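Structure below is start20.cif: mmCIF, C-alpha atoms.
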data_model
loop_
_atom_site.label_atom_id
_atom_site.label_comp_id
_atom_site.auth_asym_id
_atom_site.auth_seq_id
_atom_site.Cartn_x
_atom_site.Cartn_y
_atom_site.Cartn_z
CA MET U 1 -11.97 20.72 15.80
CA SER U 2 -8.48 20.56 14.37
CA LEU U 3 -6.46 17.39 14.06
CA ASP U 4 -4.07 16.40 16.80
CA LYS U 5 -0.49 16.60 15.49
CA PRO U 6 1.73 15.42 18.34
CA TYR U 7 4.74 15.21 16.01
CA THR U 8 5.37 18.92 15.50
CA ASP U 9 7.82 19.13 18.41
CA VAL U 10 10.16 16.39 17.14
CA PRO U 11 13.38 18.28 16.32
CA GLY U 12 14.80 18.34 12.78
CA THR U 13 11.88 16.31 11.47
CA THR U 14 9.01 17.05 9.08
CA ILE U 15 6.22 14.51 9.08
CA PHE U 16 4.78 14.00 5.60
CA ASP U 17 1.13 14.29 6.50
CA ALA U 18 -1.91 15.18 4.40
CA GLU U 19 -1.14 18.89 4.54
CA MET U 20 2.46 18.46 3.34
CA SER U 21 1.33 15.97 0.72
CA ARG U 22 -1.14 18.49 -0.69
CA GLN U 23 1.56 21.20 -0.92
CA GLY U 24 4.04 18.83 -2.46
CA TYR U 25 1.86 16.96 -4.91
CA HIS U 26 3.40 18.28 -8.14
CA LEU U 27 6.93 18.34 -6.72
CA ASN U 28 6.65 14.69 -5.74
CA GLN U 29 5.01 13.68 -9.00
CA PHE U 30 7.86 15.38 -10.89
CA CYS U 31 10.28 13.23 -8.86
CA MET U 32 8.24 10.15 -9.74
CA SER U 33 8.73 10.90 -13.46
CA LEU U 34 12.48 10.33 -12.95
CA MET U 35 11.84 6.60 -12.63
CA LYS U 36 11.99 6.47 -16.44
CA ALA U 37 15.49 6.51 -17.95
CA GLU U 38 14.42 8.78 -20.83
CA ASN U 39 13.02 11.34 -18.37
CA ARG U 40 16.23 11.25 -16.32
CA ALA U 41 18.16 12.03 -19.51
CA ARG U 42 15.84 14.89 -20.46
CA PHE U 43 15.99 16.36 -16.94
CA LYS U 44 19.77 16.22 -16.92
CA ALA U 45 20.02 17.84 -20.35
CA ASP U 46 17.98 20.92 -19.29
CA GLU U 47 16.72 20.94 -15.71
CA ARG U 48 14.90 24.24 -15.93
CA ALA U 49 13.02 23.30 -19.11
CA TYR U 50 12.04 19.94 -17.64
CA LEU U 51 10.83 21.50 -14.38
CA ASP U 52 8.82 24.08 -16.30
CA GLU U 53 6.69 21.24 -17.67
CA TRP U 54 5.35 20.76 -14.12
CA PRO U 55 2.90 23.03 -12.28
CA MET U 56 5.33 23.42 -9.37
CA THR U 57 5.94 26.66 -7.49
CA GLU U 58 9.03 28.68 -8.36
CA ASP U 59 10.40 27.99 -4.86
CA GLN U 60 10.04 24.26 -5.41
CA LYS U 61 11.86 24.45 -8.75
CA LEU U 62 14.71 26.49 -7.26
CA ALA U 63 15.02 24.08 -4.33
CA VAL U 64 15.29 21.15 -6.75
CA MET U 65 17.93 22.87 -8.87
CA ALA U 66 19.90 23.76 -5.73
CA ARG U 67 19.54 20.12 -4.52
CA ASP U 68 18.46 21.62 -1.20
CA LEU U 69 16.60 18.64 0.21
CA ASN U 70 15.65 20.34 3.48
CA ARG U 71 14.01 23.12 1.47
CA CYS U 72 12.30 20.57 -0.79
CA ILE U 73 10.89 18.87 2.30
CA ALA U 74 9.70 22.18 3.77
CA LEU U 75 7.86 22.76 0.48
CA GLY U 76 6.05 19.43 0.62
CA GLY U 77 8.62 17.01 -0.78
CA ASN U 78 8.86 13.52 0.65
CA ILE U 79 12.22 11.80 0.96
CA TYR U 80 11.21 8.66 -0.93
CA PHE U 81 10.14 10.80 -3.88
CA LEU U 82 13.12 13.16 -3.58
CA ALA U 83 15.38 10.11 -3.65
CA LYS U 84 14.66 9.87 -7.38
CA ILE U 85 16.57 13.14 -7.86
CA GLY U 86 19.50 11.69 -5.94
CA ALA U 87 19.34 8.51 -8.00
CA THR U 88 19.40 10.62 -11.17
CA ASP U 89 22.55 12.32 -9.81
CA GLY U 90 24.08 8.92 -8.93
CA LYS U 91 23.90 9.59 -5.20
CA SER U 92 23.28 7.00 -2.50
CA PHE U 93 20.61 7.29 0.16
CA GLN U 94 23.36 7.88 2.70
CA GLN U 95 24.73 10.81 0.71
CA MET U 96 21.23 12.26 0.42
CA ALA U 97 20.39 11.84 4.11
CA GLY U 98 23.75 13.24 5.14
CA SER U 99 23.28 16.32 2.95
CA MET U 100 20.40 17.44 5.19
CA THR U 101 22.35 17.38 8.44
CA GLY U 102 24.94 20.09 7.91
CA MET U 103 27.68 17.45 8.18
CA SER U 104 30.19 16.51 5.51
CA GLU U 105 29.77 13.16 3.79
CA ASP U 106 32.68 11.70 5.80
CA GLU U 107 31.43 13.09 9.10
CA TYR U 108 27.98 11.63 8.51
CA ARG U 109 29.34 8.26 7.47
CA ASN U 110 31.60 8.16 10.52
CA MET U 111 28.69 9.05 12.78
CA MET U 112 26.71 6.12 11.37
CA VAL U 113 29.62 3.69 11.75
CA SER U 114 29.97 4.84 15.36
CA GLY U 115 26.36 3.92 16.09
CA GLY U 116 24.37 6.76 14.56
CA ARG U 117 22.90 9.96 15.97
CA THR U 118 22.01 9.52 19.60
CA ILE U 119 18.40 9.83 20.75
CA GLU U 120 19.54 11.66 23.88
CA GLY U 121 18.74 15.34 23.46
CA ASN U 122 16.95 14.66 20.18
CA ARG U 123 13.43 13.81 21.33
CA TYR U 124 11.91 17.28 21.76
CA THR U 125 12.55 20.68 20.20
CA GLY U 126 14.46 22.87 22.62
CA GLU U 127 15.47 19.93 24.77
CA LYS U 128 18.81 20.40 26.55
CA LYS U 129 21.57 18.37 24.86
CA MET D 1 -5.52 -27.13 5.01
CA ALA D 2 -2.82 -24.50 4.73
CA ARG D 3 -0.78 -23.65 7.81
CA ILE D 4 1.56 -20.89 8.98
CA SER D 5 4.80 -22.51 10.07
CA ALA D 6 6.93 -19.49 10.90
CA SER D 7 7.34 -15.73 10.78
CA VAL D 8 10.42 -13.84 9.70
CA TYR D 9 11.23 -10.21 10.52
CA THR D 10 13.91 -8.15 8.84
CA SER D 11 14.94 -4.65 7.84
CA HIS D 12 14.91 -3.94 4.10
CA VAL D 13 17.64 -1.31 3.66
CA PRO D 14 18.17 -0.46 -0.06
CA ALA D 15 21.96 -0.21 0.36
CA VAL D 16 21.94 -3.87 1.45
CA GLY D 17 20.48 -4.76 -1.94
CA ALA D 18 23.11 -2.64 -3.69
CA ALA D 19 25.88 -4.34 -1.68
CA ILE D 20 24.64 -7.77 -2.82
CA ASP D 21 24.16 -6.69 -6.42
CA LEU D 22 27.63 -5.10 -6.62
CA GLY D 23 29.41 -8.04 -4.93
CA LYS D 24 30.42 -6.10 -1.80
CA THR D 25 29.12 -8.51 0.85
CA ALA D 26 32.62 -9.58 1.94
CA GLU D 27 33.81 -6.00 2.55
CA PRO D 28 34.54 -5.22 6.21
CA TYR D 29 31.66 -2.71 6.36
CA TRP D 30 29.09 -5.22 5.09
CA GLN D 31 30.40 -8.54 6.37
CA PRO D 32 28.83 -8.24 9.85
CA VAL D 33 25.43 -7.47 8.29
CA PHE D 34 25.41 -10.51 6.02
CA GLN D 35 26.86 -12.83 8.66
CA GLY D 36 23.68 -12.18 10.60
CA TYR D 37 21.76 -13.95 7.82
CA ASP D 38 23.99 -17.03 7.33
CA PHE D 39 21.82 -19.10 9.66
CA SER D 40 18.66 -17.77 8.06
CA LYS D 41 19.62 -18.79 4.51
CA GLN D 42 20.26 -22.37 5.64
CA TRP D 43 17.08 -22.38 7.74
CA LEU D 44 14.94 -21.23 4.80
CA LYS D 45 16.37 -23.98 2.56
CA GLU D 46 15.42 -26.57 5.14
CA GLN D 47 11.95 -25.15 5.76
CA LYS D 48 10.95 -25.18 2.08
CA PRO D 49 7.88 -22.93 2.41
CA ASP D 50 5.31 -23.26 -0.39
CA VAL D 51 4.33 -19.59 -0.21
CA ILE D 52 5.72 -16.51 1.52
CA PHE D 53 3.22 -13.82 2.53
CA LEU D 54 5.53 -10.81 2.52
CA VAL D 55 4.51 -7.61 4.31
CA TYR D 56 6.51 -4.59 3.17
CA ASN D 57 6.05 -0.99 2.14
CA ASP D 58 6.36 0.53 -1.27
CA HIS D 59 8.73 3.53 -1.36
CA ALA D 60 7.04 5.71 -3.99
CA ASN D 61 7.61 3.16 -6.74
CA ALA D 62 4.40 1.22 -7.40
CA PHE D 63 2.31 3.92 -5.77
CA SER D 64 2.82 7.62 -6.45
CA LEU D 65 0.73 10.29 -4.76
CA ASP D 66 -2.04 9.48 -7.24
CA LEU D 67 -3.12 6.50 -5.18
CA ILE D 68 -2.17 5.71 -1.56
CA PRO D 69 -3.71 2.45 -0.36
CA THR D 70 -3.25 1.76 3.34
CA PHE D 71 -3.22 -2.03 2.78
CA ALA D 72 -2.71 -3.50 -0.71
CA ILE D 73 -2.56 -7.21 -1.53
CA GLY D 74 -0.84 -8.35 -4.73
CA THR D 75 -3.03 -10.91 -6.48
CA ALA D 76 -1.12 -11.05 -9.80
CA ALA D 77 0.59 -14.11 -11.29
CA GLU D 78 3.90 -12.25 -11.33
CA PHE D 79 5.44 -8.95 -10.32
CA ALA D 80 8.21 -7.08 -12.15
CA VAL D 81 11.16 -5.47 -10.35
CA ALA D 82 10.78 -1.67 -10.22
CA ASP D 83 13.27 0.85 -11.58
CA GLU D 84 13.54 3.04 -8.47
CA GLY D 85 15.74 5.55 -10.27
CA TRP D 86 19.04 3.64 -10.25
CA GLY D 87 17.77 1.04 -12.78
CA PRO D 88 15.98 -2.17 -11.71
CA ARG D 89 17.84 -4.48 -9.29
CA PRO D 90 19.27 -7.50 -11.15
CA VAL D 91 17.10 -9.99 -9.27
CA PRO D 92 14.47 -12.50 -10.45
CA LYS D 93 10.91 -11.35 -10.96
CA VAL D 94 8.52 -12.42 -8.22
CA ILE D 95 6.03 -15.19 -8.92
CA GLY D 96 2.76 -14.63 -7.08
CA HIS D 97 0.09 -17.00 -5.82
CA PRO D 98 -3.14 -15.53 -7.26
CA LYS D 99 -5.36 -18.27 -5.90
CA LEU D 100 -4.27 -18.00 -2.27
CA ALA D 101 -3.98 -14.20 -2.52
CA GLY D 102 -7.55 -13.94 -3.83
CA HIS D 103 -8.75 -16.26 -1.08
CA ILE D 104 -7.04 -14.14 1.58
CA ALA D 105 -8.47 -10.91 0.13
CA GLN D 106 -11.99 -12.29 0.14
CA SER D 107 -11.70 -13.60 3.70
CA VAL D 108 -9.94 -10.59 5.23
CA ILE D 109 -12.29 -8.02 3.66
CA GLN D 110 -15.22 -9.90 5.14
CA ASP D 111 -13.41 -9.61 8.47
CA ASP D 112 -13.68 -5.80 8.19
CA PHE D 113 -10.18 -5.03 6.81
CA ASP D 114 -10.74 -3.10 3.60
CA LEU D 115 -7.82 -4.22 1.46
CA THR D 116 -6.98 -2.76 -1.94
CA ILE D 117 -6.64 -5.55 -4.49
CA VAL D 118 -3.75 -5.07 -6.92
CA ASN D 119 -3.59 -7.10 -10.12
CA LYS D 120 -0.66 -5.21 -11.60
CA MET D 121 2.24 -3.73 -9.67
CA ASP D 122 6.02 -3.53 -9.68
CA ILE D 123 7.78 -4.48 -6.47
CA ASP D 124 10.65 -2.48 -4.97
CA HIS D 125 13.54 -3.00 -2.54
CA GLY D 126 11.11 -3.28 0.36
CA LEU D 127 10.20 -6.70 -0.97
CA THR D 128 13.33 -7.78 -2.88
CA VAL D 129 15.93 -6.96 -0.21
CA PRO D 130 14.38 -9.34 2.36
CA LEU D 131 14.29 -12.05 -0.32
CA SER D 132 17.95 -11.40 -1.17
CA LEU D 133 18.97 -11.49 2.50
CA MET D 134 17.15 -14.78 3.08
CA CYS D 135 17.87 -16.50 -0.28
CA GLY D 136 21.13 -15.02 -1.59
CA GLN D 137 21.34 -14.70 -5.37
CA PRO D 138 19.31 -17.55 -6.91
CA GLN D 139 18.21 -17.71 -10.57
CA ALA D 140 14.61 -17.81 -9.31
CA TRP D 141 13.12 -17.18 -5.86
CA PRO D 142 12.47 -20.47 -4.04
CA CYS D 143 8.66 -20.18 -3.92
CA PRO D 144 5.73 -17.95 -4.82
CA VAL D 145 5.39 -14.72 -2.85
CA ILE D 146 2.25 -12.73 -2.04
CA PRO D 147 3.25 -9.06 -1.79
CA PHE D 148 1.34 -7.15 0.86
CA ALA D 149 2.08 -3.41 0.78
CA VAL D 150 1.37 -1.10 3.73
CA ASN D 151 1.36 2.69 3.44
CA VAL D 152 4.05 4.16 5.67
CA VAL D 153 4.98 7.00 3.29
CA GLN D 154 2.17 9.46 3.97
CA TYR D 155 1.29 9.91 7.64
CA PRO D 156 -0.60 8.32 9.25
CA ALA D 157 0.44 4.74 8.69
CA PRO D 158 -2.07 2.26 10.11
CA SER D 159 -1.71 1.88 13.88
CA GLY D 160 0.29 -0.96 15.38
CA ARG D 161 -2.94 -2.27 16.84
CA ARG D 162 -4.66 -2.32 13.45
CA CYS D 163 -1.68 -4.15 11.94
CA TYR D 164 -1.65 -6.71 14.74
CA MET D 165 -5.39 -7.42 14.37
CA LEU D 166 -4.98 -7.64 10.60
CA GLY D 167 -2.34 -10.33 11.13
CA LYS D 168 -4.91 -12.34 13.00
CA ALA D 169 -7.40 -12.00 10.14
CA ILE D 170 -4.75 -13.03 7.59
CA ARG D 171 -3.98 -16.09 9.70
CA LYS D 172 -7.66 -17.05 9.79
CA ALA D 173 -7.80 -16.68 6.00
CA ILE D 174 -4.71 -18.82 5.40
CA LEU D 175 -5.91 -21.56 7.76
CA SER D 176 -9.20 -21.77 5.89
CA TYR D 177 -7.48 -22.44 2.55
CA ASP D 178 -8.05 -26.00 1.34
CA GLU D 179 -4.66 -26.97 -0.06
CA PRO D 180 -2.00 -28.24 2.38
CA LEU D 181 0.44 -25.35 1.94
CA ASN D 182 3.33 -24.47 4.23
CA VAL D 183 3.05 -20.66 4.47
CA GLN D 184 5.50 -18.27 6.07
CA ILE D 185 4.61 -14.69 6.92
CA TRP D 186 7.33 -12.05 6.85
CA GLY D 187 7.20 -8.58 8.36
CA THR D 188 9.83 -6.16 7.04
CA GLY D 189 11.18 -2.62 7.44
CA GLY D 190 12.80 -0.71 10.30
CA MET D 191 14.47 -0.72 12.66
CA SER D 192 15.26 2.77 13.98
CA HIS D 193 16.19 5.17 11.19
CA GLN D 194 15.50 8.63 9.95
CA LEU D 195 16.30 9.58 6.36
CA GLN D 196 15.25 13.23 6.37
CA GLY D 197 15.99 16.59 7.93
CA PRO D 198 18.70 17.66 10.38
CA ARG D 199 17.86 14.67 12.64
CA ALA D 200 18.75 12.19 9.85
CA GLY D 201 20.94 9.35 11.03
CA LEU D 202 19.04 8.79 14.27
CA ILE D 203 19.57 5.33 15.77
CA ASN D 204 18.06 4.13 19.05
CA LYS D 205 19.52 0.78 20.07
CA GLU D 206 17.67 0.68 23.35
CA PHE D 207 14.32 1.19 21.62
CA ASP D 208 15.13 -1.41 18.98
CA ASN D 209 16.19 -4.12 21.41
CA ASN D 210 13.20 -3.43 23.59
CA PHE D 211 11.00 -3.71 20.50
CA LEU D 212 12.54 -7.11 19.69
CA ASP D 213 12.05 -8.29 23.29
CA ARG D 214 8.41 -7.22 23.35
CA LEU D 215 7.65 -8.51 19.87
CA ILE D 216 8.67 -11.95 21.12
CA ALA D 217 7.18 -11.86 24.62
CA ASP D 218 4.45 -9.19 24.68
CA PRO D 219 3.15 -8.47 21.16
CA GLU D 220 -0.29 -7.62 22.55
CA GLY D 221 1.14 -4.83 24.72
CA LEU D 222 3.54 -3.69 22.00
CA SER D 223 0.69 -3.35 19.53
CA LYS D 224 -0.73 -0.54 21.66
CA MET D 225 2.33 1.69 21.24
CA PRO D 226 1.16 4.96 19.61
CA HIS D 227 2.62 6.36 16.39
CA ILE D 228 4.31 9.25 18.12
CA ASP D 229 6.50 6.88 20.14
CA TYR D 230 7.83 5.32 16.93
CA VAL D 231 8.45 8.73 15.35
CA ARG D 232 10.07 10.32 18.38
CA GLU D 233 12.10 7.33 19.57
CA ALA D 234 12.89 5.39 16.36
CA GLY D 235 12.93 8.18 13.75
CA SER D 236 10.44 9.30 11.14
CA GLU D 237 11.08 6.17 9.05
CA GLY D 238 11.21 3.87 12.09
CA ILE D 239 7.43 3.76 11.89
CA GLU D 240 7.89 0.96 9.32
CA LEU D 241 8.10 -1.32 12.36
CA VAL D 242 4.30 -1.44 12.62
CA MET D 243 4.51 -3.92 9.73
CA TRP D 244 6.26 -6.46 11.95
CA LEU D 245 3.09 -6.61 14.03
CA ILE D 246 1.12 -7.99 11.07
CA ALA D 247 3.38 -11.03 10.93
CA ARG D 248 3.42 -11.40 14.72
CA GLY D 249 -0.38 -11.27 14.90
CA ALA D 250 -0.57 -14.33 12.65
CA MET D 251 1.34 -16.64 15.03
CA ASP D 252 -0.24 -19.51 17.00
CA ASP D 253 0.41 -18.25 20.54
CA VAL D 254 -1.65 -15.07 20.10
CA ASN D 255 -4.52 -16.93 18.48
CA GLY D 256 -5.40 -19.43 21.16
CA GLY D 257 -2.32 -21.67 20.84
CA SER D 258 -0.78 -22.72 24.13
CA ASN D 259 2.90 -22.70 23.14
CA LYS D 260 5.12 -19.66 22.75
CA PRO D 261 6.97 -19.56 19.42
CA ASN D 262 10.53 -20.83 19.17
CA VAL D 263 13.01 -18.01 18.70
CA ARG D 264 15.22 -19.65 16.08
CA HIS D 265 17.32 -16.60 15.35
CA ARG D 266 17.84 -13.05 16.57
CA PHE D 267 20.24 -10.52 15.11
CA TYR D 268 20.87 -6.80 15.49
CA HIS D 269 23.53 -4.63 13.90
CA VAL D 270 24.26 -0.91 13.43
CA PRO D 271 24.67 0.41 10.80
CA ALA D 272 23.63 -0.49 7.31
CA SER D 273 23.85 2.86 5.58
CA ASN D 274 21.43 5.05 7.65
CA THR D 275 19.67 2.23 9.42
CA ALA D 276 19.73 -0.25 12.30
CA VAL D 277 19.31 -3.80 10.99
CA GLY D 278 17.10 -6.11 13.02
CA HIS D 279 16.16 -9.69 12.24
CA LEU D 280 14.14 -12.40 13.97
CA ILE D 281 12.87 -15.85 13.07
CA LEU D 282 9.97 -17.23 15.10
CA GLU D 283 8.66 -20.75 14.51
CA ASN D 284 5.27 -21.95 15.61
CA ASN D 285 5.69 -24.66 18.18
#

Kindly transcribe the structure held in the file into structure tokens.
Amino acid sequence: MSLDKPYTDVPGTTIFDAEMSRQGYHLNQFCMSLMKAENRARFKADERAYLDEWPMTEDQKLAVMARDLNRCIALGGNIYFLAKIGATDGKSFQQMAGSMTGMSEDEYRNMMVSGGRTIEGNRYTGEKK
Amino acid sequence: MARISASVYTSHVPAVGAAIDLGKTAEPYWQPVFQGYDFSKQWLKEQKPDVIFLVYNDHANAFSLDLIPTFAIGTAAEFAVADEGWGPRPVPKVIGHPKLAGHIAQSVIQDDFDLTIVNKMDIDHGLTVPLSLMCGQPQAWPCPVIPFAVNVVQYPAPSGRRCYMLGKAIRKAILSYDEPLNVQIWGTGGMSHQLQGPRAGLINKEFDNNFLDRLIADPEGLSKMPHIDYVREAGSEGIELVMWLIARGAMDDVNGGSNKPNVRHRFYHVPASNTAVGHLILENN
């Protein structure tokens, strides 16, 4: 019997479950290495060479270099690990979160100041807005 | 005998820590957030707890994907502040309470909660931001802290029910400790927020305020809320709220006491960065 995954119909959301964690293991462990200042410096000096030290898929490496966080998440990345890339780039959590929404930094910030993204219309995939 | 005098609940938004560390607390954006903790700072000074049992989650700092403990109790003499990628926060290291922590581990494991015992670990913003909000910027934290980390990074987090029952077991452990310590238990994280994907930025004020109401008045019923309700209604990271139920489960009224706790303080504000900030102080009566 397969596992019950009631969270697959939440729109715009990827739940980091065991399956995603397995796919993303090396990607996330690469991110973890950026907690050391010397590794951040080495990564910044030559991203491709640094990534090639990790047994990640080519798609994962390209997604990291493109800073495409949605793609990283689809390939098994978890936001708390991916945040280390943002930290290395000097980005805030708000800038990182906003980058996944298709909004500009200002638009996202203004949405948050105005009370955030509404839950109405955002509970189920395909729900009428 | 040791006793639990109060429980404290608060969000632990990393940007709040950055605002304190960079001296931005008086800025118009941040002022309303920090005002919500003015009472709490004074209250904590007056309460003078001997130990804080602090429930939080690690955000891929102490624990990578190499090891994912569902419940981990810090039994070390001290805990260093993690470099989460931006450099370590300029805050004091955390002094632990190995004797009480070891006592709690031994008692709680025998009550069927299989804790992971951690004798070496760095602590991240999940633990230091609540301390900063409640204590300001002291040279040293006011008392020893027992870090208690809950996995909410890889799904599934423990259920709300499991957390609530664990709180009861922690209470039993603390009350069986021989020294007359004044212990507070803090539950942190939340409230509604989502940090990932096109739905990032989700806030649900109605859910949050209902959660606060029920945490005070109906924690038993609230503990039965399934994971999917947190995820769908409060965002993928809103599931951190299950940690508040550990602290709530340790209070007198849900362990045979006849008096409801005193609600000393309640605060709610949107936003702090991506997140709704919620805060409660409940005193045993």

Hits from the PyMOL selection byres ((chain D and resi 56-70) around 6), listed as a tab-separated table (two decimals) with C-alpha atoms, in the frame of the given file:
chain	number	residue	atom	x	y	z
U	80	TYR	CA	11.21	8.66	-0.93
U	81	PHE	CA	10.14	10.80	-3.88
D	55	VAL	CA	4.51	-7.61	4.31
D	71	PHE	CA	-3.22	-2.03	2.78
D	121	MET	CA	2.24	-3.73	-9.67
D	122	ASP	CA	6.02	-3.53	-9.68
D	126	GLY	CA	11.11	-3.28	0.36
D	127	LEU	CA	10.20	-6.70	-0.97
D	149	ALA	CA	2.08	-3.41	0.78
D	150	VAL	CA	1.37	-1.10	3.73
D	151	ASN	CA	1.36	2.69	3.44
D	188	THR	CA	9.83	-6.16	7.04

Notebook entry, point to check: When distances are computed from only C-alpha atoms, which of D:Asn259, D:Gln196, D:Gln42, D:Asn285 shows the smallest separation from chain U?
Noted result: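 The shortest atom-to-atom distance to chain U comes from D:Gln196.
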
Within 7 Å of chain D: each chain U residue with its shortest pair, only C-alpha atoms, as a Markdown table:
| residue | atom | partner | partner_atom | distance |
| --- | --- | --- | --- | --- |
| U:Pro6 | CA | D:Ile228 | CA | 6.7 |
| U:Tyr7 | CA | D:Ile228 | CA | 6.3 |
| U:Val10 | CA | D:Arg232 | CA | 6.2 |
| U:Pro11 | CA | D:Arg199 | CA | 6.8 |
| U:Gly12 | CA | D:Pro198 | CA | 4.6 |
| U:Thr13 | CA | D:Gly197 | CA | 5.4 |
| U:Ile15 | CA | D:Tyr155 | CA | 6.9 |
| U:Phe16 | CA | D:Gln154 | CA | 5.5 |
| U:Asp17 | CA | D:Tyr155 | CA | 4.5 |
| U:Ala18 | CA | D:Tyr155 | CA | 7.0 |
| U:Tyr25 | CA | D:Leu65 | CA | 6.8 |
| U:Gln29 | CA | D:Leu65 | CA | 6.9 |
| U:Met32 | CA | D:Ser64 | CA | 6.8 |
| U:Leu34 | CA | D:Gly85 | CA | 6.4 |
| U:Met35 | CA | D:Gly85 | CA | 4.7 |
| U:Asn70 | CA | D:Gly197 | CA | 5.8 |
| U:Ile79 | CA | D:Gln196 | CA | 6.4 |
| U:Tyr80 | CA | D:His59 | CA | 5.7 |
| U:Phe81 | CA | D:Ala60 | CA | 6.0 |
| U:Lys84 | CA | D:Gly85 | CA | 5.3 |
| U:Ala87 | CA | D:Gly85 | CA | 5.2 |
| U:Thr88 | CA | D:Gly85 | CA | 6.3 |
| U:Gln94 | CA | D:Ser273 | CA | 5.8 |
| U:Ala97 | CA | D:Leu195 | CA | 5.2 |
| U:Gly98 | CA | D:Ala200 | CA | 6.9 |
| U:Met100 | CA | D:Gly197 | CA | 5.3 |
| U:Thr101 | CA | D:Pro198 | CA | 4.1 |
| U:Met112 | CA | D:Pro271 | CA | 6.1 |
| U:Val113 | CA | D:Pro271 | CA | 6.0 |
| U:Gly115 | CA | D:Val270 | CA | 5.9 |
| U:Gly116 | CA | D:Ile203 | CA | 5.2 |
| U:Arg117 | CA | D:Leu202 | CA | 4.4 |
| U:Thr118 | CA | D:Leu202 | CA | 6.1 |
| U:Ile119 | CA | D:Asn204 | CA | 6.0 |
| U:Arg123 | CA | D:Arg232 | CA | 5.7 |

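Note that CA of Gly278 (chain D) and CA of Phe113 (chain D) are 28.0 Å apart.
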
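The space between CA of Asp4 (chain U) and CA of Arg161 (chain D) spans 18.7 Å.
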
Next item on the list: Tell me which residues the PyMOL selection byres ((chain U and resi 55-57) around 10) grabs here, as a ChimeraX atom specification.
Entry: /U:23-30,51-54,58-63,75

Margin query: Can you pull out the residues contacting Leu181 (chain D)? Cut-off 7 Å, using all atoms listed in the file, and skip same-chain residues under 5 positions away; I want them as a PyMOL selection string.
Written below: chain D and resi 1-3+50

Check: For Leu44 (chain D), which residue among D:Glu240, D:Lys260, D:Glu283, D:Lys120 is the nearest when counting all atoms listed in the file?
Finding: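 Among D:Glu240, D:Lys260, D:Glu283, D:Lys120, it is D:Glu283 that comes nearest to Leu44 (chain D).
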
Checklist line | Between CA of Ala19 (chain D) and CA of Ala72 (chain D), distance in Å (one decimal) | finding: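 About the pair CA of Ala19 (chain D) and CA of Ala72 (chain D): they are 28.6 Å apart.
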
Check: Which neighbours of Val129 (chain D) fall inside 7 Å, counting all atoms listed in the file, when residues of the same chain fewer than 6 positions from it are skipped, and could you give them as a ChimeraX atom specification?
Finding: /D:12,14,16-17
